2 protein chains.
Amino acid sequence: MPVAKGSTIDPERTRATILEAATPVLYERGLDGIGVAELCARIGVSKETLYRHFGTKDALVEAVLEVRSDRVVSWLASAVAAAGEEPADQLGAVFDVLQKWYDEPVFRGCAMLNAAAQHHVEAVRAITARHLGRYLELLTGIASRAGAADPHVLGRQLLMLVEGATVVAAHQDAVGAGEHARRAALTLLSAVRTSLEA
Amino acid sequence: MPVAKGSTIDPERTRATILEAATPVLYERGLDGIGVAELCARIGVSKETLYRHFGTKDALVEAVLEVRSDRVVSWLASAVAAAGEEPADQLGAVFDVLQKWYDEPVFRGCAMLNAAAQHHVEAVRAITARHLGRYLELLTGIASRAGAADPHVLGRQLLMLVEGATVVAAHQDAVGAGEHARRAALTLLSAVRTSLEA
DNA sequence: CAAAGATCGAACCGATCGGTACGATCTCAG
DNA sequence: CTGAGATCGTACCGATCGGTTCGATCTTTG
């Protein structure tokens, strides 16, 4: 719904609607690939409204990225939490979620990395870095519970597989990318365990 | 040298000079982060000259990316060739080269991926895909010589580590990224061998 | 009903963009 | 020496950009 005509009913609701509608459009078209005018038309909101809520296109972009980062991370975290106690199962759940994402028709790679590559603005780079940091935290936790000698290093290697799989799926071939990355990740995980048991 | 004033001495030389000078500028500033006017000023060439040689900014960009892809791949291939016969050594050489790249002050991630994220043009995406394909070929070759049961899958997993390491180095922390990726890659390689010997 | 304020649509602004045109200058081939 | 053509610097073009402003419309508050 294109936001009620005039309404004090919720100063906050309009902002949320804009954020929600702008997210997929900016992802598909690219941050600089669509102008504010066309963006507003797609969202169904006037430029004045958008600018009163966000002040700047950059500010809107940053807000969109923040929300997206939060959502992605919590989505993955809940998938991990639902996978039981076994670290291997938790790790598998991560790549299952990723493969589902790769198979979506609108999949165009990691929104954070795309944004950082597109918009040479410090704030955007900071959001991307923070996003990767959260990702790393999640994976380091799994590595730690798996009994890795150096969970930070293993977590980082797992992060590389996650981001690498996303890159390969986006730019080369999505078929089996999540599955192949999952097998590699499990190999790394079990290698750690093997060396511990030895 | 900013190209001789008037000269028929080499219609081809000017083109090469432009390509060479434009490459780092477009990488640092982003494909759309610099206008043709400023780009020409940096290169030391007039707009008319640039447009006679390339016709379009997009065409220049594509030419730059092609050259860069060729150079990167051949650079890696020669590093592999110089690393001897052992697949493990060849793989290690790849990540050593990558770490050197990550440590360069101008490092800003994979130019091909950045370009594909920035410029929503089919031709650029095609160049990026081809670039990843060449990369995959190189790594699949190593996987094959290592006796992998399915060298195509292992090569893909190695490609994920390569691209993932580049992403992590660019957006999170370059320190040790190549080293950590190398250890993960060698683990995958030896896991294949172990399962073969079993 | 009246005032406050959120929204719309459209006009408008200055800046920048990719690309073109032009006259002048220089180099080389004949 | 002369003409072809590569280059320069600059001015110029239409389009688009991010952002502002304004009058009209609607909803809520009091």
# chains A, B, ... in the order shown; residues from 1 in each chain; ligands from 1
call {"tool": "residues_around", "arguments": {"residues": "D:DT21", "least_positions_apart": "3", "cutoff": "10 Å", "atoms": "only C-alpha atoms (C1' of nucleotides)", "output": "compact mmCIF listing (two decimals) with C-alpha atoms (C1' of nucleotides), in the first residue's frame"}}
result
# COMPACT_ATOMS: atom_id res chain seq x y z
CA GLU A 48 9.48 15.38 -0.01
C1' DA C 11 7.98 22.51 -10.84
C1' DC C 12 12.37 24.03 -10.10
C1' DC C 13 17.62 24.47 -9.01
call {"tool": "residues_around", "arguments": {"residues": "stretch 129-133 of chain A", "least_positions_apart": "5", "cutoff": "10 Å", "atoms": "only C-alpha atoms (C1' of nucleotides)", "output": "list in words"}}
result
Leu65, Glu66, Arg68, Ser69, Asp70, Val72, Val73, Met112, Leu113, Ala116, Ala123, Val124, Leu138, Leu139, Arg156, Leu159 and Glu163 of chain A; Val167, Val168, Ala170, His171, Gln172 and Asp173 of chain B
call {"tool": "atom_distance", "arguments": {"atom1": "atom CA of B:Ala79", "atom2": "atom CA of B:Leu189"}}
result
18.5 Å
call {"tool": "atom_distance", "arguments": {"atom1": "atom CA of B:Asp96", "atom2": "atom CA of B:Ala111"}}
result
18.6 Å
call {"tool": "closest_residue", "arguments": {"among": "A:Gln90, A:Ser46, A:Thr23, A:Thr17", "to": "chain C", "atoms": "only C-alpha atoms (C1' of nucleotides)"}}
result
A:Ser46
call {"tool": "closest_residue", "arguments": {"among": "D:DG9, D:DG14, D:DT27, D:DG19", "to": "chain A", "atoms": "only C-alpha atoms (C1' of nucleotides)"}}
result
D:DT27
call {"tool": "interface_residues", "arguments": {"of": "chain B", "to": "chain A", "cutoff": "7 Å", "atoms": "only C-alpha atoms", "output": "list in words"}}
result
Asn114, Ala117, Gln118, Ala129, Leu132, Val153, Gln157, Met160, Leu161, Glu163, Gly164, Ala165, Val168, His171, Gln172, His180, Ala181, Ala184, Thr187 and Leu188 of chain B
call {"tool": "interface_residues", "arguments": {"of": "chain D", "to": "chain A", "cutoff": "9 Å", "atoms": "only C-alpha atoms (C1' of nucleotides)", "output": "VMD selection string"}}
result
chain D and resid 16 to 20 25 to 28
call {"tool": "interface_residues", "arguments": {"of": "chain C", "to": "chain A", "cutoff": "7 Å", "atoms": "only C-alpha atoms (C1' of nucleotides)", "output": "PyMOL selection string"}}
result
chain C and resi 6-8
call {"tool": "write_last_selection", "arguments": {"atoms": "C-alpha atoms (C1' of nucleotides)", "output": "PDB file, in the first residue's frame"}}
result
ATOM      1  C1'  DA C   6       1.971  14.657   7.033  1.00  0.00           C
ATOM      2  C1'  DT C   7       1.725  13.721   2.339  1.00  0.00           C
ATOM      3  C1'  DC C   8       1.357  14.427  -2.713  1.00  0.00           C
TER       4       DC C   8
END
call {"tool": "select_by_dssp", "arguments": {"residues": "chain A", "states": "alpha helix (DSSP H)", "output": "number ranges by chain"}}
result
A: 11-29, 36-43, 47-54, 57-81, 87-102, 111-118, 122-145, 151-171, 177-197
call {"tool": "closest_residue", "arguments": {"among": "D:DT10, D:DA15, D:DA24, D:DT2", "to": "C:DA10", "atoms": "only C-alpha atoms (C1' of nucleotides)"}}
result
D:DA24
call {"tool": "atom_distance", "arguments": {"atom1": "atom CA of A:Gly84", "atom2": "atom CA of A:Ala146"}}
result
13.0 Å
call {"tool": "residues_around", "arguments": {"residues": "A:Val80", "least_positions_apart": "3", "cutoff": "7 Å", "atoms": "only C-alpha atoms (C1' of nucleotides)", "output": "number ranges by chain"}}
result
A: 76-77, 83, 90, 93-94
